[in-house]
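Engineer: File work28.pdb follows (PDB, C-alpha atoms):
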ATOM      1  CA  MET A  27      52.683  -2.382 -26.014
ATOM      2  CA  ARG A  28      54.856  -5.045 -27.657
ATOM      3  CA  THR A  29      53.665  -8.565 -28.372
ATOM      4  CA  THR A  30      55.558 -11.122 -26.285
ATOM      5  CA  PRO A  31      57.047 -14.358 -27.736
ATOM      6  CA  MET A  32      54.349 -16.354 -25.926
ATOM      7  CA  GLU A  33      51.653 -14.240 -27.561
ATOM      8  CA  ARG A  34      53.173 -14.702 -31.025
ATOM      9  CA  TYR A  35      53.506 -18.443 -30.388
ATOM     10  CA  ALA A  36      49.829 -18.679 -29.471
ATOM     11  CA  PHE A  37      48.771 -16.778 -32.576
ATOM     12  CA  PHE A  38      50.248 -19.459 -34.816
ATOM     13  CA  LEU A  39      49.258 -22.595 -32.909
ATOM     14  CA  PHE A  40      45.820 -21.895 -31.481
ATOM     15  CA  GLN A  41      42.540 -20.881 -33.062
ATOM     16  CA  THR A  42      41.349 -19.254 -29.842
ATOM     17  CA  MET A  43      43.421 -16.716 -27.963
ATOM     18  CA  LEU A  44      43.060 -16.103 -24.232
ATOM     19  CA  GLY A  45      43.591 -12.648 -22.809
ATOM     20  CA  ILE A  46      43.298 -11.996 -19.057
ATOM     21  CA  ILE A  47      42.483  -8.643 -17.463
ATOM     22  CA  ILE A  48      43.165  -8.370 -13.730
ATOM     23  CA  ASN A  49      42.026  -5.674 -11.327
ATOM     24  CA  PRO A  50      44.354  -6.164  -8.310
ATOM     25  CA  LYS A  51      42.353  -3.725  -6.143
ATOM     26  CA  SER A  52      39.148  -5.731  -6.445
ATOM     27  CA  GLY A  53      38.946  -8.351  -3.686
ATOM     28  CA  LYS A  54      42.623  -7.726  -2.931
ATOM     29  CA  ARG A  55      42.591  -9.782   0.284
ATOM     30  CA  PHE A  56      42.723 -13.042  -1.710
ATOM     31  CA  TYR A  57      44.398 -11.667  -4.823
ATOM     32  CA  ARG A  58      47.752 -13.447  -4.534
ATOM     33  CA  ALA A  59      46.295 -16.896  -3.809
ATOM     34  CA  GLN A  60      43.738 -16.628  -6.612
ATOM     35  CA  ARG A  61      46.301 -15.467  -9.126
ATOM     36  CA  MET A  62      48.727 -18.261  -8.246
ATOM     37  CA  TYR A  63      45.921 -20.831  -8.599
ATOM     38  CA  LEU A  64      45.091 -19.448 -12.051
ATOM     39  CA  TRP A  65      48.722 -19.583 -13.216
ATOM     40  CA  LYS A  66      48.984 -23.189 -12.026
ATOM     41  CA  LEU A  67      45.752 -24.090 -13.816
ATOM     42  CA  LEU A  68      46.945 -22.494 -17.068
ATOM     43  CA  ARG A  69      50.221 -24.416 -16.944
ATOM     44  CA  LYS A  70      48.335 -27.649 -16.308
ATOM     45  CA  ARG A  71      46.115 -26.983 -19.324
ATOM     46  CA  HIS A  72      49.128 -25.945 -21.471
ATOM     47  CA  GLN A  73      47.173 -22.801 -22.245
ATOM     48  CA  PRO A  74      49.071 -19.893 -23.833
ATOM     49  CA  PHE A  75      47.773 -16.531 -22.682
ATOM     50  CA  ALA A  76      48.516 -12.865 -22.267
ATOM     51  CA  TYR A  77      47.569 -10.935 -19.166
ATOM     52  CA  ARG A  78      47.203  -7.273 -18.343
ATOM     53  CA  VAL A  79      46.858  -5.617 -14.924
ATOM     54  CA  THR A  80      44.768  -2.466 -14.523
ATOM     55  CA  GLN A  81      46.485   0.527 -12.983
ATOM     56  CA  TYR A  82      43.752   3.177 -12.860
ATOM     57  CA  ALA A  83      40.045   3.732 -13.421
ATOM     58  CA  GLY A  84      39.167   3.149 -17.053
ATOM     59  CA  HIS A  85      42.364   1.245 -17.803
ATOM     60  CA  ALA A  86      40.509  -1.995 -18.580
ATOM     61  CA  ILE A  87      38.832  -0.198 -21.513
ATOM     62  CA  GLU A  88      42.231   0.384 -23.111
ATOM     63  CA  LEU A  89      43.516  -3.097 -22.280
ATOM     64  CA  ALA A  90      40.465  -4.921 -23.646
ATOM     65  CA  ARG A  91      40.543  -2.947 -26.861
ATOM     66  CA  GLU A  92      44.244  -3.706 -27.303
ATOM     67  CA  LEU A  93      43.748  -7.431 -26.719
ATOM     68  CA  VAL A  94      40.832  -7.969 -29.094
ATOM     69  CA  GLU A  95      42.449  -5.877 -31.815
ATOM     70  CA  LYS A  96      45.490  -8.168 -31.519
ATOM     71  CA  GLY A  97      43.270 -11.169 -32.158
ATOM     72  CA  TYR A  98      42.344 -12.391 -28.678
ATOM     73  CA  ASP A  99      38.827 -13.787 -28.860
ATOM     74  CA  GLU A 100      38.528 -15.045 -25.265
ATOM     75  CA  ILE A 101      38.800 -12.473 -22.480
ATOM     76  CA  LEU A 102      38.782 -13.559 -18.822
ATOM     77  CA  VAL A 103      38.194 -10.802 -16.270
ATOM     78  CA  LEU A 104      39.408 -11.070 -12.674
ATOM     79  CA  GLY A 105      37.452  -8.317 -10.996
ATOM     80  CA  GLY A 106      34.014  -6.973 -10.238
ATOM     81  CA  ASP A 107      31.135  -5.511 -12.230
ATOM     82  CA  GLY A 108      33.078  -2.304 -12.911
ATOM     83  CA  THR A 109      36.087  -4.074 -14.420
ATOM     84  CA  LEU A 110      33.800  -6.278 -16.508
ATOM     85  CA  SER A 111      31.914  -3.209 -17.713
ATOM     86  CA  GLU A 112      35.133  -1.450 -18.708
ATOM     87  CA  THR A 113      36.208  -4.586 -20.578
ATOM     88  CA  VAL A 114      32.916  -4.592 -22.498
ATOM     89  CA  ASN A 115      33.415  -0.921 -23.373
ATOM     90  CA  GLY A 116      36.886  -1.670 -24.694
ATOM     91  CA  ILE A 117      35.586  -4.463 -26.925
ATOM     92  CA  MET A 118      32.595  -2.478 -28.185
ATOM     93  CA  ARG A 119      34.779   0.553 -28.962
ATOM     94  CA  SER A 120      37.379  -1.511 -30.794
ATOM     95  CA  GLY A 121      37.921  -1.548 -34.527
ATOM     96  CA  LEU A 122      36.332  -4.987 -34.884
ATOM     97  CA  THR A 123      33.311  -5.526 -37.092
ATOM     98  CA  VAL A 124      29.930  -6.424 -35.620
ATOM     99  CA  ALA A 125      30.416 -10.053 -36.693
ATOM    100  CA  GLN A 126      33.899 -10.212 -35.144
ATOM    101  CA  ARG A 127      32.674  -8.779 -31.836
ATOM    102  CA  ALA A 128      29.818 -11.279 -31.739
ATOM    103  CA  ARG A 129      32.389 -14.094 -31.644
ATOM    104  CA  ILE A 130      34.279 -12.660 -28.656
ATOM    105  CA  GLN A 131      33.745 -14.731 -25.513
ATOM    106  CA  ILE A 132      34.156 -13.022 -22.169
ATOM    107  CA  GLY A 133      34.309 -14.705 -18.768
ATOM    108  CA  LEU A 134      34.426 -13.564 -15.163
ATOM    109  CA  MET A 135      36.076 -14.620 -11.940
ATOM    110  CA  PRO A 136      34.009 -12.450  -9.540
ATOM    111  CA  ARG A 137      36.130 -10.405  -7.157
ATOM    112  CA  GLY A 138      33.996  -7.291  -6.605
ATOM    113  CA  THR A 139      31.550  -5.975  -4.009
ATOM    114  CA  GLY A 140      28.175  -6.198  -5.753
ATOM    115  CA  ASN A 141      28.822  -8.931  -8.347
ATOM    116  CA  ASP A 142      25.321  -8.462  -9.766
ATOM    117  CA  TRP A 143      26.133  -9.809 -13.226
ATOM    118  CA  SER A 144      27.683 -12.995 -11.845
ATOM    119  CA  ARG A 145      24.684 -13.485  -9.556
ATOM    120  CA  TYR A 146      22.402 -14.000 -12.572
ATOM    121  CA  TRP A 147      24.717 -16.734 -13.882
ATOM    122  CA  SER A 148      25.088 -18.330 -10.406
ATOM    123  CA  LEU A 149      28.797 -17.547 -10.310
ATOM    124  CA  THR A 150      30.189 -17.165  -6.808
ATOM    125  CA  LYS A 151      33.446 -15.877  -5.350
ATOM    126  CA  ASN A 152      34.696 -19.461  -5.283
ATOM    127  CA  HIS A 153      37.517 -18.852  -7.765
ATOM    128  CA  GLN A 154      38.099 -22.557  -8.435
ATOM    129  CA  GLU A 155      34.482 -23.065  -9.423
ATOM    130  CA  SER A 156      34.244 -19.908 -11.550
ATOM    131  CA  LEU A 157      37.453 -20.753 -13.417
ATOM    132  CA  SER A 158      36.260 -24.315 -14.007
ATOM    133  CA  ARG A 159      33.027 -22.990 -15.488
ATOM    134  CA  PHE A 160      34.946 -20.632 -17.750
ATOM    135  CA  PHE A 161      37.345 -23.224 -19.121
ATOM    136  CA  GLU A 162      34.790 -26.023 -19.357
ATOM    137  CA  GLY A 163      31.750 -23.913 -20.260
ATOM    138  CA  THR A 164      30.275 -22.632 -23.499
ATOM    139  CA  GLY A 165      29.575 -19.183 -24.864
ATOM    140  CA  HIS A 166      26.079 -17.722 -24.473
ATOM    141  CA  PRO A 167      25.127 -14.868 -26.848
ATOM    142  CA  ILE A 168      24.287 -11.830 -24.702
ATOM    143  CA  ASP A 169      22.836  -8.375 -25.254
ATOM    144  CA  ILE A 170      24.777  -5.211 -24.469
ATOM    145  CA  GLY A 171      23.230  -1.851 -23.586
ATOM    146  CA  CYS A 172      24.438   1.466 -24.957
ATOM    147  CA  VAL A 173      23.798   4.950 -23.544
ATOM    148  CA  THR A 174      24.170   7.599 -26.245
ATOM    149  CA  TYR A 175      24.589  11.157 -24.990
ATOM    150  CA  TRP A 176      26.218  14.409 -25.969
ATOM    151  CA  ARG A 177      28.886  16.444 -24.205
ATOM    152  CA  ASN A 178      30.175  19.727 -25.647
ATOM    153  CA  GLY A 179      28.386  18.929 -28.882
ATOM    154  CA  ILE A 180      30.189  15.583 -29.271
ATOM    155  CA  GLU A 181      28.329  12.268 -29.317
ATOM    156  CA  HIS A 182      29.483   9.742 -26.711
ATOM    157  CA  HIS A 183      28.627   6.103 -26.068
ATOM    158  CA  ARG A 184      28.762   4.305 -22.743
ATOM    159  CA  TYR A 185      28.130   0.578 -22.930
ATOM    160  CA  PHE A 186      26.832  -1.555 -20.083
ATOM    161  CA  ILE A 187      26.396  -5.261 -19.572
ATOM    162  CA  ASN A 188      24.086  -5.401 -16.548
ATOM    163  CA  SER A 189      22.098  -2.216 -15.926
ATOM    164  CA  VAL A 190      21.983   1.558 -16.021
ATOM    165  CA  GLY A 191      20.393   3.673 -13.302
ATOM    166  CA  PHE A 192      19.150   7.214 -12.754
ATOM    167  CA  GLY A 193      17.887   9.226  -9.788
ATOM    168  CA  VAL A 194      18.262   7.479  -6.426
ATOM    169  CA  ASP A 195      19.853   4.515  -8.199
ATOM    170  CA  ALA A 196      22.770   6.631  -9.427
ATOM    171  CA  LEU A 197      23.039   8.618  -6.201
ATOM    172  CA  CYS A 198      23.173   5.360  -4.222
ATOM    173  CA  CYS A 199      26.204   4.245  -6.262
ATOM    174  CA  GLN A 200      27.874   7.577  -5.646
ATOM    175  CA  LYS A 201      27.265   7.280  -1.900
ATOM    176  CA  ALA A 202      28.438   3.658  -1.797
ATOM    177  CA  GLU A 203      31.663   4.600  -3.562
ATOM    178  CA  THR A 204      32.309   7.312  -0.957
ATOM    179  CA  ILE A 205      31.618   4.904   1.914
ATOM    180  CA  LYS A 206      33.996   2.396   0.319
ATOM    181  CA  ARG A 207      36.917   4.785   0.864
ATOM    182  CA  TYR A 208      36.390   4.603   4.618
ATOM    183  CA  ILE A 209      35.294   1.035   5.370
ATOM    184  CA  GLY A 210      36.430  -0.880   2.274
ATOM    185  CA  SER A 211      34.361  -3.019  -0.097
ATOM    186  CA  HIS A 212      31.354  -4.501   1.660
ATOM    187  CA  HIS A 213      27.833  -5.489   0.632
ATOM    188  CA  VAL A 214      26.456  -3.157   3.319
ATOM    189  CA  ASN A 215      27.865  -0.154   1.412
ATOM    190  CA  TYR A 216      24.886  -0.283  -0.952
ATOM    191  CA  VAL A 217      22.354  -0.473   1.865
ATOM    192  CA  ILE A 218      23.853   2.535   3.666
ATOM    193  CA  GLY A 219      24.220   4.385   0.372
ATOM    194  CA  LEU A 220      20.591   3.667  -0.554
ATOM    195  CA  ILE A 221      19.216   5.026   2.719
ATOM    196  CA  ASP A 222      21.378   8.144   2.430
ATOM    197  CA  ALA A 223      20.375   8.644  -1.233
ATOM    198  CA  ILE A 224      16.648   8.314  -0.449
ATOM    199  CA  MET A 225      16.917  11.020   2.199
ATOM    200  CA  GLU A 226      18.866  13.418  -0.042
ATOM    201  CA  HIS A 227      17.430  12.946  -3.545
ATOM    202  CA  GLN A 228      15.188  15.605  -5.094
ATOM    203  CA  SER A 229      12.817  14.249  -7.759
ATOM    204  CA  GLN A 230      12.938  15.899 -11.195
ATOM    205  CA  HIS A 231      10.458  15.898 -14.062
ATOM    206  CA  MET A 232      11.324  13.573 -16.915
ATOM    207  CA  VAL A 233       9.706  12.298 -20.124
ATOM    208  CA  LEU A 234      10.407   8.753 -21.322
ATOM    209  CA  THR A 235       9.756   7.440 -24.805
ATOM    210  CA  VAL A 236       9.960   3.663 -25.235
ATOM    211  CA  ASP A 237      10.302   2.228 -28.757
ATOM    212  CA  GLY A 238       8.987   5.461 -30.236
ATOM    213  CA  LYS A 239       5.955   5.891 -27.942
ATOM    214  CA  GLU A 240       5.709   8.183 -24.911
ATOM    215  CA  ALA A 241       5.525   5.911 -21.869
ATOM    216  CA  VAL A 242       6.112   8.121 -18.822
ATOM    217  CA  ASN A 243       5.718  11.847 -18.130
ATOM    218  CA  ASP A 244       6.248  12.298 -14.406
ATOM    219  CA  LEU A 245       8.595  13.148 -11.547
ATOM    220  CA  LEU A 246      11.496  10.694 -11.445
ATOM    221  CA  PHE A 247      12.466   9.307  -8.060
ATOM    222  CA  THR A 248      14.558   6.457  -9.375
ATOM    223  CA  MET A 249      14.875   4.343 -12.510
ATOM    224  CA  ASN A 250      16.829   1.225 -13.363
ATOM    225  CA  ILE A 251      16.993  -0.149 -16.890
ATOM    226  CA  GLY A 252      18.032  -3.771 -16.656
ATOM    227  CA  ASN A 253      19.770  -6.086 -19.046
ATOM    228  CA  GLY A 254      20.158  -8.363 -16.022
ATOM    229  CA  PRO A 255      17.741  -8.632 -13.053
ATOM    230  CA  PHE A 256      20.066  -7.666 -10.178
ATOM    231  CA  SER A 257      21.641  -4.377  -9.156
ATOM    232  CA  GLY A 258      23.022  -2.691  -6.057
ATOM    233  CA  GLY A 259      24.487  -5.874  -4.601
ATOM    234  CA  GLY A 260      21.528  -8.213  -5.064
ATOM    235  CA  ILE A 261      18.475  -5.932  -5.293
ATOM    236  CA  ARG A 262      16.010  -7.485  -7.764
ATOM    237  CA  GLN A 263      14.825  -4.304  -9.438
ATOM    238  CA  ASN A 264      13.920  -5.966 -12.726
ATOM    239  CA  PRO A 265      13.252  -9.635 -11.925
ATOM    240  CA  GLN A 266      12.114 -10.475 -15.479
ATOM    241  CA  ALA A 267      15.243  -9.086 -17.150
ATOM    242  CA  ASP A 268      17.043 -11.591 -19.364
ATOM    243  CA  PRO A 269      20.378 -10.580 -20.977
ATOM    244  CA  THR A 270      19.696 -12.776 -24.014
ATOM    245  CA  ASP A 271      16.157 -11.756 -25.077
ATOM    246  CA  GLY A 272      16.863  -8.528 -27.009
ATOM    247  CA  VAL A 273      14.859  -6.162 -24.772
ATOM    248  CA  PHE A 274      15.289  -4.200 -21.559
ATOM    249  CA  HIS A 275      13.104  -4.598 -18.499
ATOM    250  CA  ALA A 276      12.990  -1.321 -16.601
ATOM    251  CA  MET A 277      11.314   0.256 -13.606
ATOM    252  CA  PHE A 278      10.446   3.950 -13.400
ATOM    253  CA  VAL A 279       9.560   5.059  -9.880
ATOM    254  CA  ARG A 280       7.636   8.282  -9.444
ATOM    255  CA  LYS A 281       8.103  10.283  -6.249
ATOM    256  CA  PRO A 282       6.740   8.165  -3.357
ATOM    257  CA  THR A 283       5.626   9.265   0.071
ATOM    258  CA  PHE A 284       7.824   8.456   3.058
ATOM    259  CA  GLY A 285       5.336   5.775   4.092
ATOM    260  CA  GLN A 286       5.501   4.176   0.653
ATOM    261  CA  VAL A 287       9.302   4.100   0.867
ATOM    262  CA  LEU A 288       9.130   2.243   4.172
ATOM    263  CA  LYS A 289       6.643  -0.269   2.749
ATOM    264  CA  ALA A 290       8.854  -0.807  -0.308
ATOM    265  CA  LEU A 291      12.042  -1.662   1.617
ATOM    266  CA  PRO A 292      11.075  -5.314   2.344
ATOM    267  CA  ASN A 293      10.558  -5.821  -1.407
ATOM    268  CA  LEU A 294      14.107  -4.830  -2.384
ATOM    269  CA  PHE A 295      15.369  -8.401  -2.545
ATOM    270  CA  ASN A 296      12.238 -10.477  -3.175
ATOM    271  CA  GLY A 297      11.570  -9.425  -6.777
ATOM    272  CA  ARG A 298       8.228  -7.720  -6.058
ATOM    273  CA  LEU A 299       9.224  -4.080  -6.461
ATOM    274  CA  THR A 300       7.461  -3.792  -9.817
ATOM    275  CA  GLU A 301       4.150  -4.710  -8.149
ATOM    276  CA  LEU A 302       4.097  -1.481  -6.134
ATOM    277  CA  PRO A 303       1.525   1.153  -7.267
ATOM    278  CA  PHE A 304       4.095   3.954  -7.724
ATOM    279  CA  VAL A 305       6.343   1.836  -9.975
ATOM    280  CA  TYR A 306       5.974   1.859 -13.771
ATOM    281  CA  PRO A 307       7.336  -1.375 -15.305
ATOM    282  CA  ILE A 308       8.747  -0.864 -18.816
ATOM    283  CA  VAL A 309       9.779  -3.318 -21.530
ATOM    284  CA  GLY A 310      11.444  -2.210 -24.750
ATOM    285  CA  LYS A 311      14.484  -2.154 -27.024
ATOM    286  CA  GLU A 312      15.121   1.579 -26.817
ATOM    287  CA  VAL A 313      14.423   4.207 -24.165
ATOM    288  CA  GLU A 314      14.743   7.933 -24.861
ATOM    289  CA  ILE A 315      15.003  10.388 -21.979
ATOM    290  CA  ALA A 316      13.975  13.993 -22.610
ATOM    291  CA  TYR A 317      15.773  16.156 -20.064
ATOM    292  CA  ASP A 318      17.601  19.461 -20.427
ATOM    293  CA  LYS A 319      19.421  19.674 -17.089
ATOM    294  CA  HIS A 320      22.387  17.993 -15.427
ATOM    295  CA  LEU A 321      21.838  14.265 -15.187
ATOM    296  CA  LEU A 322      23.798  11.717 -13.170
ATOM    297  CA  PHE A 323      23.584   8.091 -14.193
ATOM    298  CA  GLU A 324      25.450   4.909 -13.363
ATOM    299  CA  ALA A 325      26.273   2.174 -15.847
ATOM    300  CA  ASP A 326      27.234  -1.059 -14.072
ATOM    301  CA  GLY A 327      28.097   1.040 -11.025
ATOM    302  CA  ILE A 328      30.323   3.486 -12.953
ATOM    303  CA  LEU A 329      29.123   7.090 -12.675
ATOM    304  CA  GLU A 330      28.683   9.476 -15.602
ATOM    305  CA  HIS A 331      27.631  13.128 -15.635
ATOM    306  CA  ILE A 332      25.762  14.504 -18.646
ATOM    307  CA  VAL A 333      23.563  17.446 -19.566
ATOM    308  CA  GLY A 334      20.541  17.005 -21.774
ATOM    309  CA  PRO A 335      18.742  14.052 -23.369
ATOM    310  CA  CYS A 336      20.085  10.549 -23.878
ATOM    311  CA  THR A 337      19.068   7.304 -25.553
ATOM    312  CA  ILE A 338      19.523   3.811 -24.108
ATOM    313  CA  SER A 339      19.589   1.085 -26.779
ATOM    314  CA  CYS A 340      19.770  -2.702 -26.596
ATOM    315  CA  ILE A 341      22.307  -4.324 -28.939
ATOM    316  CA  HIS A 342      21.052  -7.874 -29.401
ATOM    317  CA  HIS A 343      23.638 -10.678 -29.050
ATOM    318  CA  ALA A 344      26.562  -8.273 -29.250
ATOM    319  CA  LEU A 345      29.024 -10.551 -27.381
ATOM    320  CA  GLN A 346      29.164 -13.978 -25.757
ATOM    321  CA  PHE A 347      29.453 -14.748 -22.059
ATOM    322  CA  ARG A 348      31.241 -17.983 -21.304
ATOM    323  CA  CYS A 349      30.322 -20.026 -18.262
TER     324      CYS A 349
END
Would you encode the structure as structure tokens?

Structural biologist:
Amino acid sequence: MRTTPMERYAFFLFQTMLGIIINPKSGKRFYRAQRMYLWKLLRKRHQPFAYRVTQYAGHAIELARELVEKGYDEILVLGGDGTLSETVNGIMRSGLTVAQRARIQIGLMPRGTGNDWSRYWSLTKNHQESLSRFFEGTGHPIDIGCVTYWRNGIEHHRYFINSVGFGVDALCCQKAETIKRYIGSHHVNYVIGLIDAIMEHQSQHMVLTVDGKEAVNDLLFTMNIGNGPFSGGGIRQNPQADPTDGVFHAMFVRKPTFGQVLKALPNLFNGRLTELPFVYPIVGKEVEIAYDKHLLFEADGILEHIVGPCTISCIHHALQFRC
């Protein structure tokens, strides 16, 4: 993709370069009005910028990599958790050095369904407020998670900014995505998907090693490894998770009885899930999963299918989040 005159102009005159990645399908009801407000704001600030519009799943990965490799060190995302996650993957997979990536500042104008990452930072769907916080805010060094797995003998890396989930957690995302095709993007998608996933999921044996020590050897019902505390549209699975502290907070749930599931439901949003007797709270920098069968996981709501073991690592202060 060619560099435009405006982009070349900005390279010479400004120390910081703003790149914008837009997902037009996320929150599309208000897309036109929000975009026009942003353009007006940029003109008022005399801010040179380049923007890219996603056209298919995974496109933001390519766009983010292109922008940062061209020198853009501020990336504003107009989209949901999935678009933000793809943007992070593009930056982390770029040819930049570790030090160069650590200076990249990313921002978010929330336009998705779950918006779990923005919830931690108290960002709302009020686009005027979120844009004001981006342009007037400062960068906060944040951790990024990385899932390392193998497919056809080739090592792969999937990065995540908020959380990664297995078992019912991943199946819930799959169900919610299916429901979305019929009723559109709604918060209730996750609730319906969760109930459906609980009824369908079959627990499988799994061994977890945390920071080199075996931590869990049990049947997995669900597990969420959190860089941030929220998932599934506001569920507080890991209330102590802090995306700046260099460790994950995770919850491993062994197979509960039906009665235990019913008792757990009121705790989904109050931050007390980890107090339940069938929940193993975990804190660590690296989690290894020993498993030799097909495994479905979701990273920031994006589904991945793998076979065999995987490792989830915390990369301390990999990027900066601006707000």

Engineer: Could you expand the PyMOL selection byres ((chain A and resi 338) around 8) into the explicit residues it covers here, written as a list in words?

Structural biologist: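 Residues picked by the PyMOL selection byres ((chain A and resi 338) around 8): Gly171, Cys172, Val173, Thr174, Glu312, Val313, Glu314, Cys336, Thr337, Ser339 and Cys340 of chain A.
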
Engineer: Measure the distance from atom CA of A:His331 to atom CA of A:His227 in Å and round it to one decimal.

Structural biologist: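 So the two atoms, atom CA of A:His331 and atom CA of A:His227, lie 15.8 Å apart.
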
Engineer: Need the shell around A:Phe274: protein/DNA/RNA residues with any atom at most 9 Å away, counting all atoms listed in the file. Skip same-chain ones fewer than 2 positions apart. Format as a PyMOL selection string?

Structural biologist: chain A and resi 171+251-254+267-269+271-272+276+308-313+339-340

Engineer: Hey, what's within 12 Å of A:Glu181 if we count all atoms listed in the file and toss same-chain stuff fewer than 2 positions away? As a count of residues only, please?

Structural biologist: 14

Engineer: Determine, counting all atoms listed in the file, which protein, DNA and RNA residues have an atom within 6 Å of an atom of A:Leu197; residues of the same chain fewer than 3 positions away are not included. Present the result as an mmCIF file with C-alpha atoms, keeping the file's coordinate frame.

Structural biologist:
data_model
loop_
_atom_site.group_PDB
_atom_site.id
_atom_site.type_symbol
_atom_site.label_atom_id
_atom_site.label_comp_id
_atom_site.auth_asym_id
_atom_site.auth_seq_id
_atom_site.Cartn_x
_atom_site.Cartn_y
_atom_site.Cartn_z
ATOM 1 C CA VAL A 194 18.262 7.479 -6.426
ATOM 2 C CA GLN A 200 27.874 7.577 -5.646
ATOM 3 C CA ALA A 223 20.375 8.644 -1.233
#

Engineer: Stretch 251-348 of chain A near stretch 84-106 of chain A within 12 Å: what's each residue's closest atom pair and its distance in Å to one decimal, counting only C-alpha atoms, ordered by chain then ascending residue number, as CSV?

Structural biologist:
residue,atom,partner,partner_atom,distance
A:Gly259,CA,A:Gly106,CA,11.1
A:Asp326,CA,A:Gly106,CA,9.8
A:Gly327,CA,A:Gly106,CA,10.0
A:Ile328,CA,A:Gly84,CA,9.8
A:Leu329,CA,A:Gly84,CA,11.6
A:Leu345,CA,A:Asp99,CA,10.4
A:Gln346,CA,A:Glu100,CA,9.4
A:Phe347,CA,A:Ile101,CA,9.6
A:Arg348,CA,A:Glu100,CA,8.8

Engineer: Can you tell me how far atom CA of A:Met43 sits from atom CA of A:Ala76, in Å to one decimal?

Structural biologist: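 Distance reported for this atom pair: 8.6 Å.
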
Engineer: Could you check how far atom CA of A:Lys151 sits from atom CA of A:Arg137, in Å to one decimal?

Structural biologist: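 These atoms are spaced 6.4 Å apart.
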
Engineer: Excluding same-chain residues fewer than 5 positions from A:Ala325, what lies within 7 Å of it counting all atoms listed in the file, as a PDB file with C-alpha atoms, in the coordinates of the input?

Structural biologist:
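That gives us selection_37.pdb:
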ATOM      1  CA  PHE A 186      26.832  -1.555 -20.083  1.00  0.00           C
ATOM      2  CA  SER A 189      22.098  -2.216 -15.926  1.00  0.00           C
ATOM      3  CA  VAL A 190      21.983   1.558 -16.021  1.00  0.00           C
ATOM      4  CA  GLY A 191      20.393   3.673 -13.302  1.00  0.00           C
TER       5      GLY A 191
END

Engineer: Name the residues that the PyMOL selection byres ((chain A and resi 249) around 6) picks from the file above, as a list of chain:residue names, using the file's chain letters and numbers.

Structural biologist: A:Gly191, A:Phe192, A:Thr248, A:Asn250, A:Met277, A:Phe278, A:Val279

Engineer: Missing atoms in stretch 289-299 of chain A should be modelled up to N, CA, C and O atoms and reported as a PDB file, in the frame of the given file.

Structural biologist:
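Below is the file result28.pdb, written as the result:
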ATOM      1  N   LYS A 289       7.316   0.963   3.146  1.00  0.00           N
ATOM      2  CA  LYS A 289       6.643  -0.269   2.749  1.00  0.00           C
ATOM      3  C   LYS A 289       7.393  -0.992   1.628  1.00  0.00           C
ATOM      4  O   LYS A 289       7.295  -2.215   1.489  1.00  0.00           O
ATOM      5  N   ALA A 290       8.145  -0.217   0.827  1.00  0.00           N
ATOM      6  CA  ALA A 290       8.854  -0.807  -0.308  1.00  0.00           C
ATOM      7  C   ALA A 290      10.136  -1.523   0.107  1.00  0.00           C
ATOM      8  O   ALA A 290      10.587  -2.452  -0.585  1.00  0.00           O
ATOM      9  N   LEU A 291      10.744  -1.108   1.215  1.00  0.00           N
ATOM     10  CA  LEU A 291      12.042  -1.662   1.617  1.00  0.00           C
ATOM     11  C   LEU A 291      12.069  -3.189   1.709  1.00  0.00           C
ATOM     12  O   LEU A 291      13.039  -3.812   1.266  1.00  0.00           O
ATOM     13  N   PRO A 292      11.028  -3.835   2.279  1.00  0.00           N
ATOM     14  CA  PRO A 292      11.075  -5.314   2.344  1.00  0.00           C
ATOM     15  C   PRO A 292      11.066  -5.986   0.968  1.00  0.00           C
ATOM     16  O   PRO A 292      11.412  -7.160   0.851  1.00  0.00           O
ATOM     17  N   ASN A 293      10.655  -5.236  -0.065  1.00  0.00           N
ATOM     18  CA  ASN A 293      10.558  -5.821  -1.407  1.00  0.00           C
ATOM     19  C   ASN A 293      11.837  -5.665  -2.223  1.00  0.00           C
ATOM     20  O   ASN A 293      11.877  -6.070  -3.390  1.00  0.00           O
ATOM     21  N   LEU A 294      12.881  -5.089  -1.631  1.00  0.00           N
ATOM     22  CA  LEU A 294      14.107  -4.830  -2.384  1.00  0.00           C
ATOM     23  C   LEU A 294      14.737  -6.108  -2.926  1.00  0.00           C
ATOM     24  O   LEU A 294      15.285  -6.123  -4.023  1.00  0.00           O
ATOM     25  N   PHE A 295      14.657  -7.185  -2.163  1.00  0.00           N
ATOM     26  CA  PHE A 295      15.369  -8.401  -2.545  1.00  0.00           C
ATOM     27  C   PHE A 295      14.454  -9.568  -2.918  1.00  0.00           C
ATOM     28  O   PHE A 295      14.946 -10.649  -3.238  1.00  0.00           O
ATOM     29  N   ASN A 296      13.138  -9.350  -2.897  1.00  0.00           N
ATOM     30  CA  ASN A 296      12.238 -10.477  -3.175  1.00  0.00           C
ATOM     31  C   ASN A 296      11.639 -10.444  -4.585  1.00  0.00           C
ATOM     32  O   ASN A 296      10.803 -11.284  -4.926  1.00  0.00           O
ATOM     33  N   GLY A 297      12.034  -9.478  -5.402  1.00  0.00           N
ATOM     34  CA  GLY A 297      11.570  -9.425  -6.777  1.00  0.00           C
ATOM     35  C   GLY A 297      10.164  -8.889  -6.964  1.00  0.00           C
ATOM     36  O   GLY A 297       9.579  -9.054  -8.049  1.00  0.00           O
ATOM     37  N   ARG A 298       9.606  -8.205  -5.961  1.00  0.00           N
ATOM     38  CA  ARG A 298       8.228  -7.720  -6.058  1.00  0.00           C
ATOM     39  C   ARG A 298       8.132  -6.198  -6.112  1.00  0.00           C
ATOM     40  O   ARG A 298       7.055  -5.637  -5.939  1.00  0.00           O
ATOM     41  N   LEU A 299       9.244  -5.543  -6.387  1.00  0.00           N
ATOM     42  CA  LEU A 299       9.224  -4.080  -6.461  1.00  0.00           C
ATOM     43  C   LEU A 299       8.291  -3.574  -7.554  1.00  0.00           C
ATOM     44  O   LEU A 299       7.613  -2.554  -7.385  1.00  0.00           O
TER      45      LEU A 299
END
